[in-house]
Structure formats: C-alpha cells, structure tokens
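**Q** Contents of query-v1.cif (mmCIF, C-alpha atoms):
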```
data_target
#
loop_
_atom_site.group_PDB
_atom_site.id
_atom_site.type_symbol
_atom_site.label_atom_id
_atom_site.label_comp_id
_atom_site.auth_asym_id
_atom_site.auth_seq_id
_atom_site.Cartn_x
_atom_site.Cartn_y
_atom_site.Cartn_z
ATOM 1 C CA MET A 1 -6.629 7.015 -9.322
ATOM 2 C CA THR A 2 -8.595 4.222 -7.699
ATOM 3 C CA ARG A 3 -8.780 3.567 -3.967
ATOM 4 C CA THR A 4 -6.808 0.347 -4.510
ATOM 5 C CA GLN A 5 -4.035 2.303 -6.239
ATOM 6 C CA ILE A 6 -4.054 4.853 -3.426
ATOM 7 C CA LEU A 7 -3.704 2.118 -0.801
ATOM 8 C CA ALA A 8 -0.854 0.533 -2.778
ATOM 9 C CA GLN A 9 0.987 3.854 -2.941
ATOM 10 C CA MET A 10 0.348 4.450 0.751
ATOM 11 C CA GLN A 11 1.952 1.072 1.475
ATOM 12 C CA VAL A 12 5.009 1.863 -0.651
ATOM 13 C CA LEU A 13 5.513 5.142 1.188
ATOM 14 C CA ALA A 14 5.027 3.503 4.606
ATOM 15 C CA GLU A 15 7.535 0.776 3.798
ATOM 16 C CA GLU A 16 10.038 3.364 2.587
ATOM 17 C CA GLN A 17 9.620 5.221 5.864
ATOM 18 C CA THR A 18 9.918 2.180 8.126
ATOM 19 C CA ASN A 19 12.498 0.362 5.981
ATOM 20 C CA GLU A 20 10.588 -2.886 6.357
ATOM 21 C CA LYS A 21 7.874 -4.908 4.673
ATOM 22 C CA LEU A 22 4.552 -4.271 6.388
ATOM 23 C CA LEU A 23 1.378 -6.284 6.699
ATOM 24 C CA PHE A 24 -0.558 -3.315 5.333
ATOM 25 C CA THR A 25 -4.307 -3.572 5.873
ATOM 26 C CA GLU A 26 -7.081 -0.997 6.008
ATOM 27 C CA SER A 27 -7.533 -1.595 9.731
ATOM 28 C CA LEU A 28 -3.862 -0.874 10.442
ATOM 29 C CA SER A 29 -3.481 1.862 13.041
ATOM 30 C CA LEU A 30 -1.465 4.801 11.759
ATOM 31 C CA GLN A 31 0.834 4.918 14.766
ATOM 32 C CA GLU A 32 0.816 1.528 16.453
ATOM 33 C CA GLY A 33 0.467 -0.416 13.217
ATOM 34 C CA LEU A 34 3.361 1.337 11.558
ATOM 35 C CA GLY A 35 5.427 0.914 14.707
ATOM 36 C CA VAL A 36 6.596 4.522 14.694
ATOM 37 C CA ASP A 37 6.394 7.547 16.951
ATOM 38 C CA SER A 38 4.221 10.598 16.364
ATOM 39 C CA ILE A 39 7.007 12.468 14.561
ATOM 40 C CA ALA A 40 7.409 9.618 12.080
ATOM 41 C CA VAL A 41 3.627 9.571 11.546
ATOM 42 C CA MET A 42 3.760 13.268 10.668
ATOM 43 C CA GLU A 43 6.660 12.602 8.271
ATOM 44 C CA TYR A 44 4.519 9.888 6.671
ATOM 45 C CA ILE A 45 1.586 12.307 6.340
ATOM 46 C CA ILE A 46 3.886 14.875 4.708
ATOM 47 C CA SER A 47 5.105 12.252 2.243
ATOM 48 C CA LEU A 48 1.466 11.413 1.429
ATOM 49 C CA GLU A 49 0.672 15.097 0.915
ATOM 50 C CA ASP A 50 3.653 15.474 -1.419
ATOM 51 C CA ASN A 51 2.877 12.282 -3.304
ATOM 52 C CA PHE A 52 -0.826 12.992 -3.805
ATOM 53 C CA GLY A 53 -0.458 16.766 -4.198
ATOM 54 C CA MET A 54 -2.820 17.728 -1.409
ATOM 55 C CA ASP A 55 -2.975 19.148 2.074
ATOM 56 C CA ILE A 56 -4.266 16.910 4.869
ATOM 57 C CA PRO A 57 -5.430 19.258 7.640
ATOM 58 C CA ASP A 58 -4.746 18.522 11.296
ATOM 59 C CA GLU A 59 -8.499 18.551 11.913
ATOM 60 C CA VAL A 60 -8.828 15.550 9.599
ATOM 61 C CA LEU A 61 -5.927 13.739 11.231
ATOM 62 C CA ASP A 62 -7.547 14.224 14.654
ATOM 63 C CA HIS A 63 -10.367 11.920 13.485
ATOM 64 C CA VAL A 64 -8.393 9.428 11.388
ATOM 65 C CA GLN A 65 -7.288 6.302 13.227
ATOM 66 C CA THR A 66 -6.600 3.763 10.475
ATOM 67 C CA VAL A 67 -5.003 3.456 7.078
ATOM 68 C CA GLY A 68 -8.442 2.778 5.578
ATOM 69 C CA GLN A 69 -9.903 6.000 6.969
ATOM 70 C CA LEU A 70 -6.972 7.964 5.587
ATOM 71 C CA ALA A 71 -7.382 6.239 2.203
ATOM 72 C CA ASP A 72 -11.065 7.236 2.229
ATOM 73 C CA TYR A 73 -10.108 10.879 2.784
ATOM 74 C CA ILE A 74 -7.463 10.864 0.037
ATOM 75 C CA THR A 75 -9.822 9.093 -2.392
ATOM 76 C CA GLU A 76 -12.554 11.650 -1.731
ATOM 77 C CA LYS A 77 -10.200 14.607 -2.225
ATOM 78 C CA LEU A 78 -8.777 13.204 -5.477
ATOM 79 C CA ALA A 79 -12.231 12.529 -6.926
#
```
What would the structure in this file look like if it were written as structure tokens?
**A**
Amino acid sequence: MTRTQILAQMQVLAEEQTNEKLLFTESLSLQEGLGVDSIAVMEYIISLEDNFGMDIPDEVLDHVQTVGQLADYITEKLA
C-alpha cells in the first residue's frame, strides 16, 4: 500500500468519524484539525489500527502532531 493510498484511507475513516467532508491535508492537526475531542481522536486511532492491522503505541502518539506524521508511521510499519 502506498503512502497516498494510506492517506486516502485515513481521510475516509476521519470523515466517517466526523460525519463531514474534511479538507484533509498532511499538515492537519489530529485534534484541532479534525475538530474533535481527545476521546474521538483515540476512537480514530483505534479505527486506523483496525483498518491497517497494527498497533499504534501511545509513545508514538505522544510525538505525532499531524496527519502526515501519522501517515509516515503507518507507511513505515506496513513496509
């Protein structure tokens, strides 16, 4: 799966969670950009883990601020 495909799937999952069309860019902040609270961010992370079949540790999430950074992590783990 390419990074572009990963980002596209991340957008689909985010839009399903927020029930709205998002201007989804790599610089989008995970919390402020999605317009959700921290619980909804964790639900989004869980949906990503389920979708991509991986675990995203809290230690990683402590350092991830943007959609692009999270896509980098997922891309690296799927490689």
**Q** Got a sec: who's within 12 Å of Val12 in chain A, counting all atoms listed in the file, leaving out chain neighbours fewer than 4 positions off, as a PyMOL selection string?
**A** chain A and resi 5-8+16-24+44+47-48+51
**Q** In terms of the shortest atom-to-atom distance over only C-alpha atoms, which of A:Ile46, A:Val67, A:Asp58, A:Thr4 is closest to Leu34 in chain A?
**A**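 Smallest separation from Leu34 in chain A among the options: A:Val67.
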**Q** What does the distance from CA of Asp50 in chain A to CA of Glu76 in chain A come to in Å, to one decimal?
**A**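 Spanning CA of Asp50 in chain A to CA of Glu76 in chain A is a straight-line distance of 16.7 Å.
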**Q** Hey, can you pull every residue with an atom no more than 7 Å from (-6.7, 7.4, -4.8), using all atoms listed in the file, and send it as a VMD selection string?
**A** chain A and resid 1 to 3 5 to 6 74 to 75 78
**Q** Report as a PyMOL selection string all protein, DNA and RNA residues lying within 9 Å of Thr66 in chain A, evaluated on only C-alpha atoms, omitting residues in the same chain fewer than 2 positions from it.
**A** chain A and resi 25-31+33+64+68-71
**Q** Which of these, A:Glu15, A:Gln9, A:Val41, A:Lys77, has the shortest distance to Met54 in chain A once you count all atoms listed in the file?
**A**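 Nearest candidate to Met54 in chain A out of A:Glu15, A:Gln9, A:Val41, A:Lys77: A:Lys77.
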**Q** Of the candidates A:Met42, A:Ala79, A:Leu13, A:Val36, which shows the shortest atom-to-atom distance to Leu61 in chain A, using all atoms listed in the file?
**A**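 Going through A:Met42, A:Ala79, A:Leu13, A:Val36 one by one, the smallest distance to Leu61 in chain A is for A:Met42.
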**Q** Between CA of Ile45 in chain A and CA of Tyr73 in chain A, what is the distance, to one decimal in Å?
**A**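 Spanning CA of Ile45 in chain A to CA of Tyr73 in chain A is a straight-line distance of 12.3 Å.
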**Q** Nearest residue to Ala40 in chain A out of A:Gln65, A:Ala14, A:Gly53, A:Asp72, using only C-alpha atoms?
**A**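 With only C-alpha atoms as the atom set, the closest residue is A:Ala14.
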**Q** For range 27-38 of chain A, supply all heavy atoms and format the output as a PDB file, keeping the file's coordinate frame.
**A**
```pdb
ATOM      1  N   SER A  27      -7.293  -1.766   8.295  1.00  0.00           N
ATOM      2  CA  SER A  27      -7.533  -1.595   9.731  1.00  0.00           C
ATOM      3  C   SER A  27      -6.254  -1.267  10.503  1.00  0.00           C
ATOM      4  O   SER A  27      -6.300  -1.049  11.713  1.00  0.00           O
ATOM      5  CB  SER A  27      -8.182  -2.848  10.312  1.00  0.00           C
ATOM      6  OG  SER A  27      -7.324  -3.952  10.160  1.00  0.00           O
ATOM      7  N   LEU A  28      -5.141  -1.180   9.807  1.00  0.00           N
ATOM      8  CA  LEU A  28      -3.862  -0.874  10.442  1.00  0.00           C
ATOM      9  C   LEU A  28      -3.902   0.513  11.064  1.00  0.00           C
ATOM     10  O   LEU A  28      -4.264   1.489  10.415  1.00  0.00           O
ATOM     11  CB  LEU A  28      -2.742  -0.948   9.393  1.00  0.00           C
ATOM     12  CG  LEU A  28      -1.317  -0.782   9.888  1.00  0.00           C
ATOM     13  CD1 LEU A  28      -0.901  -2.021  10.679  1.00  0.00           C
ATOM     14  CD2 LEU A  28      -0.373  -0.584   8.712  1.00  0.00           C
ATOM     15  N   SER A  29      -3.543   0.585  12.335  1.00  0.00           N
ATOM     16  CA  SER A  29      -3.481   1.862  13.041  1.00  0.00           C
ATOM     17  C   SER A  29      -2.313   2.670  12.489  1.00  0.00           C
ATOM     18  O   SER A  29      -1.236   2.125  12.226  1.00  0.00           O
ATOM     19  CB  SER A  29      -3.265   1.612  14.529  1.00  0.00           C
ATOM     20  OG  SER A  29      -2.832   2.780  15.179  1.00  0.00           O
ATOM     21  N   LEU A  30      -2.525   3.962  12.321  1.00  0.00           N
ATOM     22  CA  LEU A  30      -1.465   4.801  11.759  1.00  0.00           C
ATOM     23  C   LEU A  30      -0.209   4.807  12.623  1.00  0.00           C
ATOM     24  O   LEU A  30       0.888   4.762  12.101  1.00  0.00           O
ATOM     25  CB  LEU A  30      -1.962   6.234  11.561  1.00  0.00           C
ATOM     26  CG  LEU A  30      -2.852   6.439  10.358  1.00  0.00           C
ATOM     27  CD1 LEU A  30      -3.340   7.881  10.301  1.00  0.00           C
ATOM     28  CD2 LEU A  30      -2.148   6.082   9.071  1.00  0.00           C
ATOM     29  N   GLN A  31      -0.357   4.846  13.924  1.00  0.00           N
ATOM     30  CA  GLN A  31       0.834   4.918  14.766  1.00  0.00           C
ATOM     31  C   GLN A  31       1.283   3.542  15.245  1.00  0.00           C
ATOM     32  O   GLN A  31       2.400   3.135  14.971  1.00  0.00           O
ATOM     33  CB  GLN A  31       0.609   5.835  15.964  1.00  0.00           C
ATOM     34  CG  GLN A  31       1.895   6.098  16.715  1.00  0.00           C
ATOM     35  CD  GLN A  31       1.811   7.323  17.596  1.00  0.00           C
ATOM     36  OE1 GLN A  31       0.907   8.118  17.485  1.00  0.00           O
ATOM     37  NE2 GLN A  31       2.771   7.471  18.470  1.00  0.00           N
ATOM     38  N   GLU A  32       0.413   2.824  15.916  1.00  0.00           N
ATOM     39  CA  GLU A  32       0.816   1.528  16.453  1.00  0.00           C
ATOM     40  C   GLU A  32       1.114   0.524  15.346  1.00  0.00           C
ATOM     41  O   GLU A  32       2.059  -0.240  15.421  1.00  0.00           O
ATOM     42  CB  GLU A  32      -0.253   0.967  17.400  1.00  0.00           C
ATOM     43  CG  GLU A  32      -0.433   1.741  18.686  1.00  0.00           C
ATOM     44  CD  GLU A  32      -1.342   2.950  18.541  1.00  0.00           C
ATOM     45  OE1 GLU A  32      -2.219   2.958  17.645  1.00  0.00           O
ATOM     46  OE2 GLU A  32      -1.165   3.913  19.307  1.00  0.00           O
ATOM     47  N   GLY A  33       0.300   0.537  14.301  1.00  0.00           N
ATOM     48  CA  GLY A  33       0.467  -0.416  13.217  1.00  0.00           C
ATOM     49  C   GLY A  33       1.732  -0.210  12.423  1.00  0.00           C
ATOM     50  O   GLY A  33       2.347  -1.159  11.943  1.00  0.00           O
ATOM     51  N   LEU A  34       2.121   1.045  12.281  1.00  0.00           N
ATOM     52  CA  LEU A  34       3.361   1.337  11.558  1.00  0.00           C
ATOM     53  C   LEU A  34       4.580   1.184  12.457  1.00  0.00           C
ATOM     54  O   LEU A  34       5.706   1.136  11.976  1.00  0.00           O
ATOM     55  CB  LEU A  34       3.318   2.753  10.972  1.00  0.00           C
ATOM     56  CG  LEU A  34       2.271   2.999   9.882  1.00  0.00           C
ATOM     57  CD1 LEU A  34       2.289   4.464   9.470  1.00  0.00           C
ATOM     58  CD2 LEU A  34       2.496   2.105   8.680  1.00  0.00           C
ATOM     59  N   GLY A  35       4.327   1.100  13.768  1.00  0.00           N
ATOM     60  CA  GLY A  35       5.427   0.914  14.707  1.00  0.00           C
ATOM     61  C   GLY A  35       6.362   2.111  14.779  1.00  0.00           C
ATOM     62  O   GLY A  35       7.568   1.944  14.910  1.00  0.00           O
ATOM     63  N   VAL A  36       5.787   3.306  14.675  1.00  0.00           N
ATOM     64  CA  VAL A  36       6.596   4.522  14.694  1.00  0.00           C
ATOM     65  C   VAL A  36       6.056   5.504  15.713  1.00  0.00           C
ATOM     66  O   VAL A  36       4.935   5.368  16.188  1.00  0.00           O
ATOM     67  CB  VAL A  36       6.632   5.187  13.291  1.00  0.00           C
ATOM     68  CG1 VAL A  36       7.327   4.283  12.281  1.00  0.00           C
ATOM     69  CG2 VAL A  36       5.235   5.537  12.802  1.00  0.00           C
ATOM     70  N   ASP A  37       6.849   6.518  16.018  1.00  0.00           N
ATOM     71  CA  ASP A  37       6.394   7.547  16.951  1.00  0.00           C
ATOM     72  C   ASP A  37       5.598   8.622  16.219  1.00  0.00           C
ATOM     73  O   ASP A  37       5.457   8.586  14.992  1.00  0.00           O
ATOM     74  CB  ASP A  37       7.570   8.152  17.721  1.00  0.00           C
ATOM     75  CG  ASP A  37       8.594   8.824  16.812  1.00  0.00           C
ATOM     76  OD1 ASP A  37       8.262   9.190  15.661  1.00  0.00           O
ATOM     77  OD2 ASP A  37       9.742   8.986  17.258  1.00  0.00           O
ATOM     78  N   SER A  38       5.086   9.583  16.963  1.00  0.00           N
ATOM     79  CA  SER A  38       4.221  10.598  16.364  1.00  0.00           C
ATOM     80  C   SER A  38       4.957  11.473  15.355  1.00  0.00           C
ATOM     81  O   SER A  38       4.354  11.932  14.380  1.00  0.00           O
ATOM     82  CB  SER A  38       3.584  11.456  17.454  1.00  0.00           C
ATOM     83  OG  SER A  38       4.587  12.070  18.236  1.00  0.00           O
TER      84      SER A  38
END
```
